[in-house]
Structures are given as structure tokens and as C-alpha cells.
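Shown next: my_file_18.txt, given as compact mmCIF, C-alpha atoms.
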```
# COMPACT_ATOMS: atom_id res chain seq x y z
CA MET X 1 112.89 116.73 111.41
CA ASN X 2 116.24 116.54 109.64
CA TRP X 3 118.75 116.01 112.44
CA THR X 4 122.35 116.91 111.64
CA GLY X 5 125.49 114.98 112.60
CA GLU X 6 126.14 117.59 115.31
CA HIS X 7 122.72 116.89 116.84
CA ARG X 8 123.29 113.15 116.85
CA ALA X 9 126.80 113.37 118.34
CA PHE X 10 125.63 115.71 121.12
CA VAL X 11 122.71 113.44 122.00
CA ILE X 12 124.89 110.31 122.23
CA GLU X 13 127.55 112.07 124.34
CA THR X 14 125.00 113.65 126.69
CA PHE X 15 123.04 110.37 127.02
CA MET X 16 126.16 108.50 128.19
CA LYS X 17 127.26 111.30 130.56
CA SER X 18 123.78 111.55 132.15
CA ASN X 19 123.69 107.90 133.19
CA GLU X 20 121.57 107.07 130.11
CA SER X 21 118.69 109.40 131.07
CA VAL X 22 116.50 110.28 128.11
CA ILE X 23 114.79 113.19 129.92
CA THR X 24 118.11 114.78 130.94
CA THR X 25 119.39 114.37 127.39
CA GLN X 26 116.33 116.11 125.93
CA ARG X 27 116.51 119.03 128.42
CA THR X 28 120.26 119.52 127.83
CA PHE X 29 119.65 119.36 124.08
CA CYS X 30 117.16 122.24 124.29
CA THR X 31 119.50 124.35 126.43
CA HIS X 32 122.57 123.72 124.28
CA PHE X 33 120.90 124.49 120.96
CA ALA X 34 118.81 127.37 122.44
CA LEU X 35 115.53 125.86 121.27
CA GLY X 36 112.18 127.32 122.24
CA ARG X 37 109.73 125.72 124.63
CA HIS X 38 107.71 124.05 121.90
CA ALA X 39 110.59 123.29 119.53
CA PRO X 40 110.91 119.65 118.47
CA VAL X 41 113.51 117.51 120.22
CA PRO X 42 114.56 113.92 119.50
CA ASP X 43 112.02 111.57 121.08
CA ARG X 44 112.89 108.57 123.24
CA LYS X 45 112.75 106.08 120.36
CA THR X 46 115.08 108.23 118.20
CA ILE X 47 117.62 108.72 120.98
CA LEU X 48 117.78 105.01 121.80
CA LEU X 49 118.10 104.15 118.10
CA TRP X 50 121.05 106.53 117.65
CA VAL X 51 122.80 105.10 120.70
CA SER X 52 122.15 101.53 119.59
CA ASN X 53 123.52 102.23 116.11
CA PHE X 54 126.59 103.94 117.61
CA ARG X 55 127.37 100.98 119.87
CA ALA X 56 126.91 98.52 117.00
CA THR X 57 128.73 100.35 114.22
CA GLY X 58 130.49 103.35 115.74
CA SER X 59 128.12 105.64 113.87
CA ALA X 60 124.80 107.25 114.79
CA LEU X 61 123.58 106.93 111.22
CA LYS X 62 121.01 104.34 110.14
CA ILE X 63 122.49 100.86 109.76
CA LYS X 64 122.75 100.05 106.07
CA SER X 65 121.27 96.88 104.67
CA THR X 66 123.63 93.95 104.28
CA GLY X 67 122.28 93.47 100.77
CA ARG X 68 120.57 90.18 101.57
CA PRO X 69 117.14 90.05 99.88
CA ARG X 70 114.28 90.26 102.35
CA SER X 71 111.58 89.06 99.95
CA VAL X 72 110.21 85.53 100.31
CA ARG X 73 109.07 85.56 96.68
CA THR X 74 111.76 83.20 95.49
CA PRO X 75 111.14 80.92 92.49
CA GLU X 76 110.86 77.95 94.85
CA ILE X 77 108.21 79.65 97.00
CA VAL X 78 106.27 80.84 93.95
CA ALA X 79 106.27 77.30 92.56
CA ALA X 80 105.07 75.93 95.92
CA VAL X 81 102.23 78.46 96.01
CA ARG X 82 101.18 77.58 92.46
CA GLU X 83 101.14 73.87 93.28
CA ALA X 84 99.11 74.42 96.46
CA ILE X 85 96.54 76.64 94.72
CA GLU X 86 96.12 74.28 91.76
CA ARG X 87 95.69 71.36 94.16
CA SER X 88 93.06 73.14 96.32
CA PRO X 89 91.72 76.18 94.39
CA SER X 90 88.71 76.65 96.69
CA ARG X 91 90.78 76.76 99.88
CA SER X 92 91.06 80.20 101.48
CA ALA X 93 94.21 82.31 101.03
CA VAL X 94 94.60 82.48 104.82
CA LYS X 95 94.74 78.69 105.13
CA HIS X 96 97.16 78.40 102.22
CA ALA X 97 99.44 81.02 103.82
CA SER X 98 99.41 79.17 107.14
CA ALA X 99 100.19 75.82 105.51
CA LEU X 100 103.09 77.31 103.53
CA HIS X 101 104.44 79.27 106.52
CA LEU X 102 103.94 82.59 104.72
CA SER X 103 102.26 85.78 105.76
CA ASP X 104 98.86 86.42 104.23
CA ARG X 105 100.25 89.57 102.58
CA SER X 106 103.16 87.70 100.95
CA LEU X 107 100.88 84.97 99.65
CA ARG X 108 98.46 87.44 98.11
CA ARG X 109 101.33 89.36 96.52
CA ILE X 110 102.59 86.14 94.94
CA LEU X 111 99.10 85.28 93.68
CA HIS X 112 98.51 88.71 92.13
CA THR X 113 102.00 89.79 91.02
CA ASP X 114 103.85 86.59 90.22
CA LEU X 115 101.12 84.14 89.25
CA LYS X 116 98.61 86.69 87.85
CA PHE X 117 95.77 84.83 89.61
CA HIS X 118 92.43 86.48 90.35
CA PRO X 119 89.81 85.56 92.97
CA TYR X 120 86.53 84.47 91.37
CA LYS X 121 83.27 84.15 93.26
CA MET X 122 81.34 80.93 92.67
CA MET X 123 77.82 81.40 91.29
CA ILE X 124 74.92 79.30 92.56
CA VAL X 125 72.60 78.26 89.73
CA GLN X 126 69.96 75.66 89.13
CA GLU X 127 71.25 72.23 88.20
CA LEU X 128 70.58 71.24 84.60
CA SER X 129 69.78 67.69 83.56
CA GLU X 130 70.90 66.14 80.27
CA ARG X 131 67.44 66.82 78.87
CA ASP X 132 67.74 70.50 79.86
CA TRP X 133 70.98 70.89 77.93
CA GLU X 134 69.48 69.45 74.78
CA ASN X 135 66.32 71.53 75.19
CA ARG X 136 68.36 74.73 75.60
CA ARG X 137 70.24 74.04 72.39
CA THR X 138 67.08 73.18 70.45
CA CYS X 139 65.14 76.22 71.68
CA SER X 140 68.08 78.58 71.07
CA ASN X 141 68.44 77.27 67.53
CA ASP X 142 64.67 77.56 66.88
CA ILE X 143 64.61 81.19 68.03
CA LEU X 144 67.54 82.14 65.81
CA GLN X 145 66.03 80.31 62.84
CA ASN X 146 62.41 81.48 63.20
CA VAL X 147 62.66 85.03 64.57
CA PRO X 148 63.95 87.29 61.78
CA GLN X 149 66.82 89.65 62.55
CA ASN X 150 64.63 92.67 61.66
CA ALA X 151 61.64 91.48 63.70
CA LEU X 152 60.67 93.33 66.89
CA LEU X 153 61.19 90.95 69.81
CA ILE X 154 59.59 91.74 73.17
CA THR X 155 60.93 89.79 76.17
CA SER X 156 59.05 89.94 79.47
CA ASP X 157 59.11 88.82 83.08
CA GLU X 158 58.08 89.70 86.64
CA ALA X 159 60.23 90.32 89.71
CA HIS X 160 59.72 91.11 93.39
CA PHE X 161 61.17 94.29 94.89
CA HIS X 162 61.28 94.08 98.69
CA LEU X 163 61.10 97.29 100.69
CA SER X 164 63.86 96.02 102.98
CA GLY X 165 66.23 95.91 100.01
CA CYS X 166 69.38 93.90 100.57
CA VAL X 167 72.74 94.12 102.32
CA ASN X 168 75.91 92.83 100.66
CA LYS X 169 77.53 91.14 103.67
CA HIS X 170 80.72 90.44 101.73
CA ASN X 171 81.44 94.14 101.17
CA PHE X 172 79.95 95.65 104.35
CA ARG X 173 82.36 96.45 107.18
CA TYR X 174 82.08 98.58 110.33
CA TRP X 175 85.40 100.04 111.50
CA ALA X 176 85.66 100.84 115.21
CA LEU X 177 87.83 100.25 118.28
CA GLU X 178 85.29 97.81 119.67
CA ASN X 179 82.69 95.54 118.09
CA PRO X 180 79.44 97.58 117.97
CA ARG X 181 77.40 94.35 117.98
CA GLN X 182 75.05 95.84 115.43
CA LEU X 183 72.48 93.71 113.66
CA HIS X 184 70.79 94.36 110.35
CA GLU X 185 67.25 93.34 111.21
CA ARG X 186 64.88 92.44 108.43
CA PRO X 187 61.21 91.54 108.84
CA LEU X 188 60.31 87.94 108.09
CA HIS X 189 57.75 89.05 105.49
CA SER X 190 59.06 92.32 104.09
CA PRO X 191 56.56 94.50 102.20
CA ARG X 192 57.13 94.17 98.49
CA VAL X 193 55.84 94.99 95.04
CA THR X 194 55.60 92.60 92.11
CA VAL X 195 56.69 94.28 88.89
CA TRP X 196 56.19 93.22 85.28
CA CYS X 197 58.32 94.73 82.52
CA ALA X 198 59.03 94.12 78.86
CA VAL X 199 62.36 94.78 77.16
CA GLY X 200 62.87 95.44 73.46
CA SER X 201 65.00 97.52 71.17
CA PHE X 202 62.51 100.35 71.79
CA GLY X 203 63.39 100.52 75.50
CA VAL X 204 61.51 99.19 78.53
CA TRP X 205 57.75 98.99 78.87
CA GLY X 206 56.64 99.20 82.47
CA PRO X 207 56.44 99.00 85.30
CA TYR X 208 53.14 97.22 85.72
CA PHE X 209 52.44 96.47 89.38
CA PHE X 210 50.34 93.44 90.25
CA GLU X 211 48.22 94.89 93.04
CA GLN X 212 44.65 95.24 94.17
CA GLU X 213 43.57 98.39 95.99
CA GLY X 214 47.22 99.24 96.55
CA VAL X 215 48.10 95.81 98.00
CA THR X 216 50.48 93.47 96.15
CA VAL X 217 48.79 90.28 94.95
CA THR X 218 49.95 86.94 93.55
CA VAL X 219 50.25 86.68 89.78
CA THR X 220 47.46 84.38 88.61
CA ALA X 221 46.34 83.58 85.08
CA ASP X 222 43.38 85.99 85.34
CA ARG X 223 45.58 88.83 86.61
CA TYR X 224 48.21 88.13 83.96
CA ILE X 225 45.54 88.24 81.25
CA GLY X 226 44.33 91.53 82.73
CA MET X 227 47.83 92.95 82.34
CA LEU X 228 48.00 91.72 78.74
CA ARG X 229 44.67 93.31 77.85
CA ASN X 230 44.86 96.53 79.82
CA PHE X 231 48.58 97.36 79.66
CA LEU X 232 50.40 95.47 76.91
CA GLU X 233 47.73 95.55 74.19
CA PRO X 234 47.41 99.39 74.20
CA LYS X 235 51.23 99.61 73.93
CA LEU X 236 51.17 97.34 70.88
CA ARG X 237 48.64 99.59 69.13
CA GLU X 238 51.17 102.43 69.32
CA LEU X 239 53.72 100.41 67.34
CA GLU X 240 53.99 100.69 63.60
CA HIS X 241 56.01 97.47 63.47
CA ARG X 242 53.95 94.54 62.22
CA ASP X 243 56.29 91.62 62.84
CA VAL X 244 56.24 91.57 66.66
CA TRP X 245 57.34 88.51 68.66
CA PHE X 246 56.65 87.97 72.36
CA GLN X 247 58.80 85.94 74.79
CA GLN X 248 57.95 84.79 78.31
CA ASP X 249 59.11 82.05 80.67
CA GLY X 250 57.17 78.96 81.67
CA ALA X 251 55.46 80.24 84.85
CA THR X 252 52.04 78.65 85.44
CA ALA X 253 50.18 81.95 85.04
CA HIS X 254 51.94 82.52 81.72
CA THR X 255 51.23 79.15 80.18
CA ALA X 256 47.66 78.49 81.35
CA ARG X 257 45.38 77.56 78.46
CA ARG X 258 43.33 80.76 78.55
CA THR X 259 46.51 82.85 78.82
CA MET X 260 48.02 81.18 75.76
CA ASP X 261 44.76 81.74 73.84
CA VAL X 262 45.04 85.49 74.50
CA LEU X 263 48.72 85.56 73.51
CA ARG X 264 48.08 83.67 70.25
CA GLU X 265 45.37 86.21 69.44
CA MET X 266 47.74 89.13 70.14
CA PHE X 267 50.81 87.51 68.53
CA PRO X 268 49.57 84.96 65.97
CA GLY X 269 52.32 82.45 65.28
CA ARG X 270 54.88 84.59 67.15
CA VAL X 271 54.85 83.44 70.78
CA ILE X 272 58.10 82.22 72.33
CA SER X 273 57.13 80.27 75.43
CA LEU X 274 56.53 76.85 76.89
CA ARG X 275 53.62 75.56 74.76
CA GLY X 276 54.19 78.49 72.38
CA ASP X 277 54.90 78.61 68.67
CA VAL X 278 58.63 78.53 69.48
CA GLY X 279 59.75 76.87 72.71
CA TRP X 280 61.53 78.53 75.62
CA PRO X 281 63.90 76.34 77.69
CA ALA X 282 63.26 75.84 81.39
CA ARG X 283 65.81 76.97 83.99
CA SER X 284 67.54 79.39 81.62
CA PRO X 285 67.72 82.84 83.26
CA ASP X 286 71.11 83.36 81.60
CA LEU X 287 69.32 83.61 78.24
CA ALA X 288 66.52 86.01 79.20
CA PRO X 289 67.24 89.78 78.95
CA CYS X 290 65.07 90.58 81.97
CA ASP X 291 67.13 88.17 84.07
CA PHE X 292 70.66 88.75 82.80
CA PHE X 293 70.23 92.54 82.50
CA LEU X 294 67.10 94.31 83.69
CA TRP X 295 66.44 93.11 87.23
CA GLY X 296 70.00 93.30 88.48
CA TYR X 297 70.58 96.71 86.89
CA LEU X 298 67.25 98.08 88.07
CA LYS X 299 67.54 96.89 91.68
CA ALA X 300 71.04 98.31 91.99
CA LYS X 301 69.68 101.71 90.91
CA VAL X 302 66.40 101.61 92.84
CA PHE X 303 67.87 100.80 96.25
CA GLN X 304 70.31 103.71 95.98
CA HIS X 305 67.22 105.85 96.72
CA HIS X 306 66.78 104.06 100.10
CA PRO X 307 62.96 103.95 99.82
CA ARG X 308 61.16 103.82 103.16
CA THR X 309 57.59 103.25 101.97
CA ILE X 310 55.94 101.24 99.21
CA ASP X 311 55.01 104.46 97.41
CA GLU X 312 58.64 105.63 97.48
CA LEU X 313 59.75 102.22 96.22
CA LYS X 314 57.31 102.35 93.30
CA ALA X 315 58.32 105.92 92.47
CA ALA X 316 62.00 104.92 92.41
CA ILE X 317 61.23 101.98 90.09
CA ARG X 318 59.33 104.25 87.69
CA GLN X 319 62.12 106.83 87.74
CA GLU X 320 64.92 104.37 87.04
CA ILE X 321 63.02 102.59 84.25
CA THR X 322 62.51 105.96 82.56
CA GLY X 323 66.29 106.43 82.62
CA ILE X 324 66.98 103.25 80.60
CA SER X 325 67.50 104.45 77.04
CA PRO X 326 66.64 102.55 73.83
CA GLN X 327 70.36 102.58 72.98
CA ILE X 328 71.02 100.44 76.05
CA THR X 329 68.23 97.95 75.38
CA ALA X 330 69.17 97.70 71.70
CA ARG X 331 72.60 96.44 72.80
CA VAL X 332 70.90 94.11 75.28
CA MET X 333 68.82 92.56 72.50
CA GLU X 334 71.99 92.04 70.44
CA THR X 335 73.50 90.33 73.47
CA PHE X 336 70.40 88.14 73.69
CA ARG X 337 71.08 86.68 70.26
CA ASN X 338 74.75 86.26 71.12
CA GLN X 339 73.73 84.36 74.27
CA LEU X 340 71.67 82.00 72.14
CA ARG X 341 74.60 81.40 69.77
CA MET X 342 76.93 80.84 72.72
CA CYS X 343 74.50 78.28 74.16
CA ILE X 344 74.55 76.36 70.85
CA ASP X 345 78.33 76.57 70.53
CA THR X 346 78.78 75.31 74.10
CA MET X 347 76.70 72.24 73.38
CA VAL X 348 78.62 71.54 70.18
CA ALA X 349 81.92 71.85 72.07
CA ILE X 350 80.69 69.43 74.76
CA TRP X 351 79.60 66.85 72.18
CA THR X 352 82.93 66.99 70.34
CA LEU X 353 84.94 66.25 73.48
```

Please express what this file holds, its structure, as C-alpha cells.
Amino acid sequence: MNWTGEHRAFVIETFMKSNESVITTQRTFCTHFALGRHAPVPDRKTILLWVSNFRATGSALKIKSTGRPRSVRTPEIVAAVREAIERSPSRSAVKHASALHLSDRSLRRILHTDLKFHPYKMMIVQELSERDWENRRTCSNDILQNVPQNALLITSDEAHFHLSGCVNKHNFRYWALENPRQLHERPLHSPRVTVWCAVGSFGVWGPYFFEQEGVTVTVTADRYIGMLRNFLEPKLRELEHRDVWFQQDGATAHTARRTMDVLREMFPGRVISLRGDVGWPARSPDLAPCDFFLWGYLKAKVFQHHPRTIDELKAAIRQEITGISPQITARVMETFRNQLRMCIDTMVAIWTL
């Protein structure tokens, strides 16, 4: 409501004459200005504010700012925040704000606006030994040197999809007046499926589910060979491409002697694996397309369906794999080679330090 100077003057005069009664002031205001029953009138807070301003300045208008800056983002404070963050970058923003006697909001504004800092989440990965670093460089270089650019490279892996899915606790909040005390209960041994897929510039082959009579089973050498013979080999016959390379990680079922015999028969001289024609480095999920692309992308899509049964879970996996186009996987395979080059360049940079 836009109150006029006449309104404000009448309210202040009436308030003082009525022994500072807000109710009497409001009733007299309605009568004087002939307002209806439900017409708006100045509320208690507004009336007291007008009176306070009048007593302080002789005017019922809002007190103007003295011109003194209210912001705490002075160069000295910004410099103190920078020093504190650089000294303890993993300390929480709340603790930094408390130590610097700043509000959490002011600290975050300084971090984002003045210092252009961004919060980065720490990734937990497997520790690499000195031998691992050298092996990663050697294997990356061997793949780039031995696998021609125009060759068809098939990369493969398995992953578990649990029916319970997952909950991102960092992003999940429940807004209410009181704590609902809700728990997200998950079974100790959630039903799951074990999925094998292969990624290439042609798209994604799969899913192949390791199961027996509808029940998920452990991947053994015999079952892995069964997948190679009954699922992968028929797919290869459909290809016109002759120069086909196959990559897998060093899981026991993958590298058993009889498994490697089958792979060398299917891909003579073109197996990228532990004990293969070209080596594959251990503890290197950042280099494998299934790990750095497929599983994360696929699980994010699959659990949007909120499957409630194993059959619904499998149907969602099939549906989302069908939606991955060859254009996407072609870019993924280009990224794969770039990852190998980056691995080599990183090692060279470390050695030159």
C-alpha cells in the first residue's frame, strides 16, 4: 500500500493523542478516511516505525542511509579470506566464517564473487604405486602404437546394478517444520543383476546378463567363455570390419588360461588385456570407456525409471542401452585415445619436474 504524507501525519497525531494506542489509531484512521470494513490499514509495525522515525528525525519518512558502506567485503577482509582458504583449503566454509568473525553468507560471497573460487569434491580412487604409473604409461603407449586409428576397437566390462539403486545424500533434503525422522532403508544384500556390455564406434553391444534360470550368478571363467561364444561371437560375424581389437580388464575370469585361448582364437594378435597381445594397466578405470562413460551414464538413466522388480530393472537397462547412439560412442572412443595420450603426457611432466 502506498501511504501518502496525509496518512502518515494523521496516524502519528492520532497515536500520540490516544495515549499511544495502536488499536485506537487504526479505528480512527478507518473512520476519518471512510474506509470499508476490509480496507487495508497501517499495521502495528508500520505505525510504530512512522512514530519512531518522526521522533528521531521530525519526519515520518524512512530514515535515509548515512552513506557508510554496510558491506564487509573490504580489501583487507578479502585478503584475510584468501589467506585462510589457501592455508586450509579442505576446512569447511562454516568454520572459516566463524574463525574470521564473518557470516557464512558473506564468506561465500567473497569466495564466489571476489576470489572466483569454486568448491570441488574430492574423488576417492585406488592408490597407485610407482610401478603402476610406469605400467600405465607403457600400456597407453603400446595401445596407441599398435592399434591402428582405423581399426575397430571393442572395449568391454561388467557391472552390478542393484535393485535398491542409490541415494545421493549430499543433494537430498527434506523440508518441514519438524524433523520427520525418516530413514532410507536398504537391504543388506539387495537383489541385483550383473551386466556385461561392449562399447565401440558402432554403439553398445548388450546387455548380457550373467544369470542361471533367472538368478544372477558370479562371473566365472566358464560363464565368461559362454558369453564370448554365445553372445559376442555371433555379433562379430555381423561385422564386415576385419581388423577388430578387443579390450578387457584383468579380472580373474577374463585372464584365465582357457579364456585367453578363446580370445586369441577370436581376435588373433589383437587382444588388449593382462596377459594379452597388448597389455592393459591395472587399477586404471579412468582409461576404460565402460568405466569413465558407460556405467555412470547408464545407471543415472536406469534409476530414473524407479524399477521395483528385477524384470523392470532389466527392461530399463535394455531400453536405455538402445538409446545410446553410435554418434555418442564414436566420441567416447575418440576420448579414449585422448585419455591414453593424457596419461603419457602426465608421466612425462612428472619426470621433467

In Å, with one decimal, what is the gap from CA of His160 in chain X to CA of Arg137 in chain X?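 Taking CA of His160 in chain X as the start and CA of Arg137 in chain X as the end point, the length is 29.0 Å.
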
Residues within 12 Å of range 307-322 of chain X, please, as number ranges by chain. Count all atoms listed in the file; anything in the same chain fewer than 5 positions from it doesn't count. X: 159-166, 190-199, 203-211, 214-216, 294-295, 297-302, 328-329

Output C-alpha atoms of each residue in that selection to a file, as a PDB file, keeping the file's coordinate frame.
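The result, written out as again_13.pdb:
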```pdb
ATOM      1  CA  ALA X 159      60.230  90.320  89.710  1.00  0.00           C
ATOM      2  CA  HIS X 160      59.720  91.110  93.390  1.00  0.00           C
ATOM      3  CA  PHE X 161      61.170  94.290  94.890  1.00  0.00           C
ATOM      4  CA  HIS X 162      61.280  94.080  98.690  1.00  0.00           C
ATOM      5  CA  LEU X 163      61.100  97.290 100.690  1.00  0.00           C
ATOM      6  CA  SER X 164      63.860  96.020 102.980  1.00  0.00           C
ATOM      7  CA  GLY X 165      66.230  95.910 100.010  1.00  0.00           C
ATOM      8  CA  CYS X 166      69.380  93.900 100.570  1.00  0.00           C
ATOM      9  CA  SER X 190      59.060  92.320 104.090  1.00  0.00           C
ATOM     10  CA  PRO X 191      56.560  94.500 102.200  1.00  0.00           C
ATOM     11  CA  ARG X 192      57.130  94.170  98.490  1.00  0.00           C
ATOM     12  CA  VAL X 193      55.840  94.990  95.040  1.00  0.00           C
ATOM     13  CA  THR X 194      55.600  92.600  92.110  1.00  0.00           C
ATOM     14  CA  VAL X 195      56.690  94.280  88.890  1.00  0.00           C
ATOM     15  CA  TRP X 196      56.190  93.220  85.280  1.00  0.00           C
ATOM     16  CA  CYS X 197      58.320  94.730  82.520  1.00  0.00           C
ATOM     17  CA  ALA X 198      59.030  94.120  78.860  1.00  0.00           C
ATOM     18  CA  VAL X 199      62.360  94.780  77.160  1.00  0.00           C
ATOM     19  CA  GLY X 203      63.390 100.520  75.500  1.00  0.00           C
ATOM     20  CA  VAL X 204      61.510  99.190  78.530  1.00  0.00           C
ATOM     21  CA  TRP X 205      57.750  98.990  78.870  1.00  0.00           C
ATOM     22  CA  GLY X 206      56.640  99.200  82.470  1.00  0.00           C
ATOM     23  CA  PRO X 207      56.440  99.000  85.300  1.00  0.00           C
ATOM     24  CA  TYR X 208      53.140  97.220  85.720  1.00  0.00           C
ATOM     25  CA  PHE X 209      52.440  96.470  89.380  1.00  0.00           C
ATOM     26  CA  PHE X 210      50.340  93.440  90.250  1.00  0.00           C
ATOM     27  CA  GLU X 211      48.220  94.890  93.040  1.00  0.00           C
ATOM     28  CA  GLY X 214      47.220  99.240  96.550  1.00  0.00           C
ATOM     29  CA  VAL X 215      48.100  95.810  98.000  1.00  0.00           C
ATOM     30  CA  THR X 216      50.480  93.470  96.150  1.00  0.00           C
ATOM     31  CA  LEU X 294      67.100  94.310  83.690  1.00  0.00           C
ATOM     32  CA  TRP X 295      66.440  93.110  87.230  1.00  0.00           C
ATOM     33  CA  TYR X 297      70.580  96.710  86.890  1.00  0.00           C
ATOM     34  CA  LEU X 298      67.250  98.080  88.070  1.00  0.00           C
ATOM     35  CA  LYS X 299      67.540  96.890  91.680  1.00  0.00           C
ATOM     36  CA  ALA X 300      71.040  98.310  91.990  1.00  0.00           C
ATOM     37  CA  LYS X 301      69.680 101.710  90.910  1.00  0.00           C
ATOM     38  CA  VAL X 302      66.400 101.610  92.840  1.00  0.00           C
ATOM     39  CA  ILE X 328      71.020 100.440  76.050  1.00  0.00           C
ATOM     40  CA  THR X 329      68.230  97.950  75.380  1.00  0.00           C
TER      41      THR X 329
END
```

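Rounded to one decimal, CA of Gly5 in chain X and CA of Trp50 in chain X lie 10.8 Å from each other.
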
Report, in Å to a single decimal, how far apart CA of Ile324 in chain X and CA of Glu240 in chain X are.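 CA of Ile324 in chain X lies at a distance of 21.5 Å from CA of Glu240 in chain X.
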
May I have the residues at most 10 Å from (102.5, 87.7, 97.8) in the file's coordinates, counting only C-alpha atoms, as a PyMOL selection string? chain X and resi 71-73+77-78+81+97+102-115

Can you save range 239-258 of chain X of the given block to a file, including C-alpha atoms and formatted as a PDB file, in the first residue's frame?
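Output file out_33.pdb is given in full below:
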```pdb
ATOM      1  CA  LEU X 239      30.660 -57.122 -38.822  1.00  0.00           C
ATOM      2  CA  GLU X 240      32.293 -56.508 -42.156  1.00  0.00           C
ATOM      3  CA  HIS X 241      35.312 -54.978 -40.434  1.00  0.00           C
ATOM      4  CA  ARG X 242      38.287 -57.339 -40.403  1.00  0.00           C
ATOM      5  CA  ASP X 243      40.713 -55.504 -38.137  1.00  0.00           C
ATOM      6  CA  VAL X 244      38.868 -55.875 -34.808  1.00  0.00           C
ATOM      7  CA  TRP X 245      40.626 -55.404 -31.459  1.00  0.00           C
ATOM      8  CA  PHE X 246      39.206 -56.472 -28.096  1.00  0.00           C
ATOM      9  CA  GLN X 247      39.956 -54.850 -24.709  1.00  0.00           C
ATOM     10  CA  GLN X 248      39.142 -56.140 -21.229  1.00  0.00           C
ATOM     11  CA  ASP X 249      40.448 -55.598 -17.708  1.00  0.00           C
ATOM     12  CA  GLY X 250      42.452 -58.045 -15.636  1.00  0.00           C
ATOM     13  CA  ALA X 251      39.630 -59.799 -13.743  1.00  0.00           C
ATOM     14  CA  THR X 252      40.409 -63.453 -12.962  1.00  0.00           C
ATOM     15  CA  ALA X 253      37.584 -64.773 -15.157  1.00  0.00           C
ATOM     16  CA  HIS X 254      38.885 -62.675 -18.045  1.00  0.00           C
ATOM     17  CA  THR X 255      42.504 -63.748 -17.872  1.00  0.00           C
ATOM     18  CA  ALA X 256      42.186 -67.459 -17.052  1.00  0.00           C
ATOM     19  CA  ARG X 257      44.217 -69.606 -19.438  1.00  0.00           C
ATOM     20  CA  ARG X 258      41.218 -71.162 -21.180  1.00  0.00           C
TER      21      ARG X 258
END
```
